[in-house]
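Enquirer: The structure under discussion is supplied below as structure tokens; questions concerning it will follow.
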Amino acid sequence: MIKSMTGFGRSTYENDGREYIVEIKSVNNRFNDINIKMPRNLNYLEEKIRKQILSNISRGKVEVSIQLNNNSDLGKKINLNTDIANRYIEELKKLTEETNIIDNINIMDIAKFPDVLNIKIDEEAEEIIEKELFIALDSAINSFLDMRQKEGSKIKVDLENRIEVIKQKIEQISSISAGLVDEYVVKLETRIKELLKTDVVDQTRLAQEVVIYSDKCSVEEEITRLKSHISQFLNLLNENIAIGKKLDFLIQEMNRETNTIGSKANNLEITNFVVDIKTELENIREQIQNIE
């Protein structure tokens, strides 16, 4: 089943005073671009989180937001960085001497400065937090993938309908092109008689001209290749893999064959059908940009 590159998933998990909130959203992108935002004290899990997402998402610009509201005392150890605190105090004293500001430094002020007090989590607590976080992460991924699949199903129906329109246009072109040579023979013979003012036509010369014209205007090869591309396209829609790039390639090939038909077939009806096909191909190409 095809998947849209646009999706959103959200999940929360709570246990013993700890709340995990995970949100995943994505938009179209040629490659797999993952950006993870989470608290610094969870940075040790970033690589594992990235691998888990990559195993489920192969294409798109993905943004992952992780929040941890930890109201428990699980593994928490408060670490006082005395070196940093002393540096703050020294710099503040210099400032008071230079500006003659009253020295009113107290320990509570120093404790509020960055990196003076840090909360560290021990290894045993890290394992528990990892396990709980991944419960929320996996749930968010499943919700995200479910939305992508639903969007993909709608896109698939639209693509199948548009391909069916193209197939009908191709059949009409094939039917018209089959009579082009006979039509040309009649026109050519009539024109020769008018120019030479005679009812006698050199059939050998006429046959040569017909062969040349047939070779120039024949679109059977292009039609055959178009039908083959369409068959491949429809088969890919039922694959359970990332198919966006493959579909994009097929549309380029179909567009090329259609352009060739338009340039070879000297017929107004065929030209109109070619325009219709190119319009549908462009609509399909835009839709494919949304497929993983």
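Scheme for the structure tokens: letters A, B, ... for chains in order shown; per-chain residue numbers from 1; ligand numbers from 1 in order shown.
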Find the residues near Asn29 (chain A): any atom within 7 Å, counting only C-alpha atoms, skip ones fewer than 5 places away on the same chain, and give them as a list in words.
Expert: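 Counting only the stated atoms, we get Arg59, Gly60 and Lys61 of chain A.
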Enquirer: Grab the residues selected above and save them as an mmCIF file, in the first residue's frame with N, CA and C atoms.
Expert:
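Result written to result.cif:
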data_model
loop_
_atom_site.group_PDB
_atom_site.id
_atom_site.type_symbol
_atom_site.label_atom_id
_atom_site.label_comp_id
_atom_site.auth_asym_id
_atom_site.auth_seq_id
_atom_site.Cartn_x
_atom_site.Cartn_y
_atom_site.Cartn_z
ATOM 1 N N ARG A 59 11.266 8.235 3.568
ATOM 2 C CA ARG A 59 11.341 9.457 2.763
ATOM 3 C C ARG A 59 10.447 10.530 3.350
ATOM 4 N N GLY A 60 10.930 11.779 3.341
ATOM 5 C CA GLY A 60 10.154 12.908 3.836
ATOM 6 C C GLY A 60 10.956 13.748 4.813
ATOM 7 N N LYS A 61 10.496 14.960 5.022
ATOM 8 C CA LYS A 61 11.095 15.836 6.034
ATOM 9 C C LYS A 61 10.311 15.631 7.326
#
Enquirer: Per residue of region 226-271 of chain A within 10 Å of region 147-158 of chain A, which atom pair is closest and at what distance in Å (one decimal), using only C-alpha atoms, listed by chain and increasing number, as CSV?
Expert:
residue,atom,partner,partner_atom,distance
A:Leu234,CA,A:Lys156,CA,9.4
A:Leu237,CA,A:Lys156,CA,6.8
A:Asn238,CA,A:Lys156,CA,9.0
Enquirer: Once you have the residues from the selection above, write them out as a JSON list (two decimals), in the first residue's frame, restricted to N, CA, C and O atoms.
Expert:
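Generated file (part-v7.json):
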[["chain", "number", "residue", "atom", "x", "y", "z"],
["A", 234, "LEU", "N", 0.78, 0.77, -12.49],
["A", 234, "LEU", "CA", -0.30, 0.19, -11.71],
["A", 234, "LEU", "C", 0.21, -0.92, -10.78],
["A", 234, "LEU", "O", -0.29, -1.07, -9.66],
["A", 237, "LEU", "N", 1.72, 0.57, -7.65],
["A", 237, "LEU", "CA", 0.75, 1.09, -6.68],
["A", 237, "LEU", "C", 0.35, 0.06, -5.63],
["A", 237, "LEU", "O", -0.15, 0.41, -4.56],
["A", 238, "ASN", "N", 0.56, -1.21, -5.95],
["A", 238, "ASN", "CA", 0.20, -2.29, -5.02],
["A", 238, "ASN", "C", 1.40, -2.81, -4.24],
["A", 238, "ASN", "O", 1.27, -3.74, -3.45]]
Enquirer: Could you check which of A:Asn41, A:Asn70, A:Ser4, A:Asn104 is closest to Gln287 (chain A), using only C-alpha atoms?
Expert: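 Closest residue, counting only C-alpha atoms: A:Ser4.
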Enquirer: Counting only C-alpha atoms, which of A:Ile166, A:Ile21, A:Val275, A:Ile57 gets nearest to Ala242 (chain A)?
Expert: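 Ranking A:Ile166, A:Ile21, A:Val275, A:Ile57 by distance to Ala242 (chain A), first place goes to A:Ile57.
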Enquirer: Which residue out of A:Ile49, A:Ala136, A:Val62, A:Ile261 has the minimum interatomic distance to Asn35 (chain A) when only C-alpha atoms are used?
Expert: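 When distances to Asn35 (chain A) are compared using only C-alpha atoms, the smallest one comes from A:Val62.
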Enquirer: DSSP on the backbone, then: every residue of region 110-176 of chain A marked alpha helix (DSSP H), written as a PyMOL selection string.
Expert: chain A and resi 110-111+123-176
Enquirer: Would you please work out which residue, of A:Ile128, A:Leu92, A:Leu80, A:Leu145, is nearest to Val116 (chain A) when using only C-alpha atoms?
Expert: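 Closest to Val116 (chain A), using only C-alpha atoms: A:Leu80.
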Enquirer: Please extract the residues of region 81-187 of chain A with a backbone DSSP assignment of strand (DSSP E or B) and present them as an NGL selection string.
Expert: :A and (117-121)
Enquirer: Using N, CA and C atoms, can you export the residues from the last selection as a PDB file, in the first residue's frame?
Expert:
ATOM      1  N   LEU A 117      23.928  24.127  38.775  1.00  0.00           N
ATOM      2  CA  LEU A 117      23.261  22.935  39.293  1.00  0.00           C
ATOM      3  C   LEU A 117      22.767  22.086  38.126  1.00  0.00           C
ATOM      4  N   ASN A 118      23.124  20.835  38.129  1.00  0.00           N
ATOM      5  CA  ASN A 118      22.706  19.907  37.075  1.00  0.00           C
ATOM      6  C   ASN A 118      22.092  18.671  37.700  1.00  0.00           C
ATOM      7  N   ILE A 119      21.069  18.150  37.029  1.00  0.00           N
ATOM      8  CA  ILE A 119      20.448  16.911  37.478  1.00  0.00           C
ATOM      9  C   ILE A 119      20.948  15.776  36.597  1.00  0.00           C
ATOM     10  N   LYS A 120      21.578  14.812  37.199  1.00  0.00           N
ATOM     11  CA  LYS A 120      22.079  13.663  36.454  1.00  0.00           C
ATOM     12  C   LYS A 120      21.253  12.437  36.780  1.00  0.00           C
ATOM     13  N   ILE A 121      21.082  11.591  35.772  1.00  0.00           N
ATOM     14  CA  ILE A 121      20.294  10.371  35.938  1.00  0.00           C
ATOM     15  C   ILE A 121      21.229   9.176  35.849  1.00  0.00           C
TER      16      ILE A 121
END
Enquirer: Measuring between only C-alpha atoms, which one of A:Ile89, A:Ile251, A:Leu133, A:Ile173 shows the shortest distance to Leu281 (chain A)?
Expert: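 Counting only C-alpha atoms, the residue closest to Leu281 (chain A) is A:Ile251.
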Enquirer: Skip Glu269 (chain A) itself and residues of its chain fewer than 5 positions away, then list as a PDB file with N, CA, C and O atoms, in the first residue's frame all residues within 12 Å of it, counting only C-alpha atoms.
Expert:
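This went into out_30.pdb:
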ATOM      1  N   LYS A 169      -7.509   7.465 -23.697  1.00  0.00           N
ATOM      2  CA  LYS A 169      -6.988   8.378 -24.712  1.00  0.00           C
ATOM      3  C   LYS A 169      -5.997   7.662 -25.633  1.00  0.00           C
ATOM      4  O   LYS A 169      -5.990   7.896 -26.851  1.00  0.00           O
ATOM      5  N   ILE A 170      -5.198   6.792 -25.075  1.00  0.00           N
ATOM      6  CA  ILE A 170      -4.223   6.052 -25.879  1.00  0.00           C
ATOM      7  C   ILE A 170      -4.929   5.132 -26.872  1.00  0.00           C
ATOM      8  O   ILE A 170      -4.520   5.019 -28.034  1.00  0.00           O
ATOM      9  N   GLN A 172      -7.815   5.594 -28.144  1.00  0.00           N
ATOM     10  CA  GLN A 172      -8.399   6.437 -29.199  1.00  0.00           C
ATOM     11  C   GLN A 172      -7.322   6.884 -30.195  1.00  0.00           C
ATOM     12  O   GLN A 172      -7.555   6.915 -31.412  1.00  0.00           O
ATOM     13  N   ILE A 173      -6.150   7.207 -29.684  1.00  0.00           N
ATOM     14  CA  ILE A 173      -5.040   7.586 -30.568  1.00  0.00           C
ATOM     15  C   ILE A 173      -4.648   6.418 -31.461  1.00  0.00           C
ATOM     16  O   ILE A 173      -4.423   6.578 -32.669  1.00  0.00           O
ATOM     17  N   SER A 174      -4.592   5.230 -30.873  1.00  0.00           N
ATOM     18  CA  SER A 174      -4.228   4.033 -31.635  1.00  0.00           C
ATOM     19  C   SER A 174      -5.228   3.779 -32.758  1.00  0.00           C
ATOM     20  O   SER A 174      -4.857   3.430 -33.882  1.00  0.00           O
ATOM     21  N   SER A 175      -6.508   3.972 -32.453  1.00  0.00           N
ATOM     22  CA  SER A 175      -7.548   3.745 -33.453  1.00  0.00           C
ATOM     23  C   SER A 175      -7.439   4.751 -34.604  1.00  0.00           C
ATOM     24  O   SER A 175      -7.564   4.382 -35.781  1.00  0.00           O
ATOM     25  N   ILE A 176      -7.195   5.998 -34.257  1.00  0.00           N
ATOM     26  CA  ILE A 176      -7.084   7.036 -35.291  1.00  0.00           C
ATOM     27  C   ILE A 176      -5.829   6.837 -36.128  1.00  0.00           C
ATOM     28  O   ILE A 176      -5.849   6.952 -37.360  1.00  0.00           O
ATOM     29  N   SER A 177      -4.708   6.539 -35.477  1.00  0.00           N
ATOM     30  CA  SER A 177      -3.436   6.411 -36.193  1.00  0.00           C
ATOM     31  C   SER A 177      -3.455   5.265 -37.192  1.00  0.00           C
ATOM     32  O   SER A 177      -2.757   5.303 -38.213  1.00  0.00           O
ATOM     33  N   LEU A 180      -4.506   6.612 -40.552  1.00  0.00           N
ATOM     34  CA  LEU A 180      -3.793   7.759 -41.100  1.00  0.00           C
ATOM     35  C   LEU A 180      -3.155   7.461 -42.456  1.00  0.00           C
ATOM     36  O   LEU A 180      -3.172   8.296 -43.365  1.00  0.00           O
ATOM     37  N   ILE A 261       4.628  11.163 -29.735  1.00  0.00           N
ATOM     38  CA  ILE A 261       3.379  10.930 -30.477  1.00  0.00           C
ATOM     39  C   ILE A 261       2.853  12.249 -31.044  1.00  0.00           C
ATOM     40  O   ILE A 261       2.438  12.339 -32.202  1.00  0.00           O
ATOM     41  N   GLY A 262       2.881  13.286 -30.220  1.00  0.00           N
ATOM     42  CA  GLY A 262       2.386  14.585 -30.662  1.00  0.00           C
ATOM     43  C   GLY A 262       3.179  15.155 -31.821  1.00  0.00           C
ATOM     44  O   GLY A 262       2.617  15.812 -32.706  1.00  0.00           O
ATOM     45  N   VAL A 274      -3.286  14.149 -27.164  1.00  0.00           N
ATOM     46  CA  VAL A 274      -1.958  14.299 -26.557  1.00  0.00           C
ATOM     47  C   VAL A 274      -1.978  15.377 -25.477  1.00  0.00           C
ATOM     48  O   VAL A 274      -1.410  15.213 -24.391  1.00  0.00           O
ATOM     49  N   VAL A 275      -2.644  16.479 -25.763  1.00  0.00           N
ATOM     50  CA  VAL A 275      -2.775  17.560 -24.778  1.00  0.00           C
ATOM     51  C   VAL A 275      -3.498  17.056 -23.532  1.00  0.00           C
ATOM     52  O   VAL A 275      -3.101  17.345 -22.386  1.00  0.00           O
ATOM     53  N   ASP A 276      -4.564  16.277 -23.743  1.00  0.00           N
ATOM     54  CA  ASP A 276      -5.316  15.712 -22.607  1.00  0.00           C
ATOM     55  C   ASP A 276      -4.424  14.792 -21.767  1.00  0.00           C
ATOM     56  O   ASP A 276      -4.457  14.830 -20.524  1.00  0.00           O
TER      57      ASP A 276
END
Enquirer: Between A:Leu74, A:Ile24, A:Leu226, A:Met254, which has the minimum distance to Lys278 (chain A) (counting only C-alpha atoms)?
Expert: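 Among the listed residues, A:Met254 lies closest to Lys278 (chain A).
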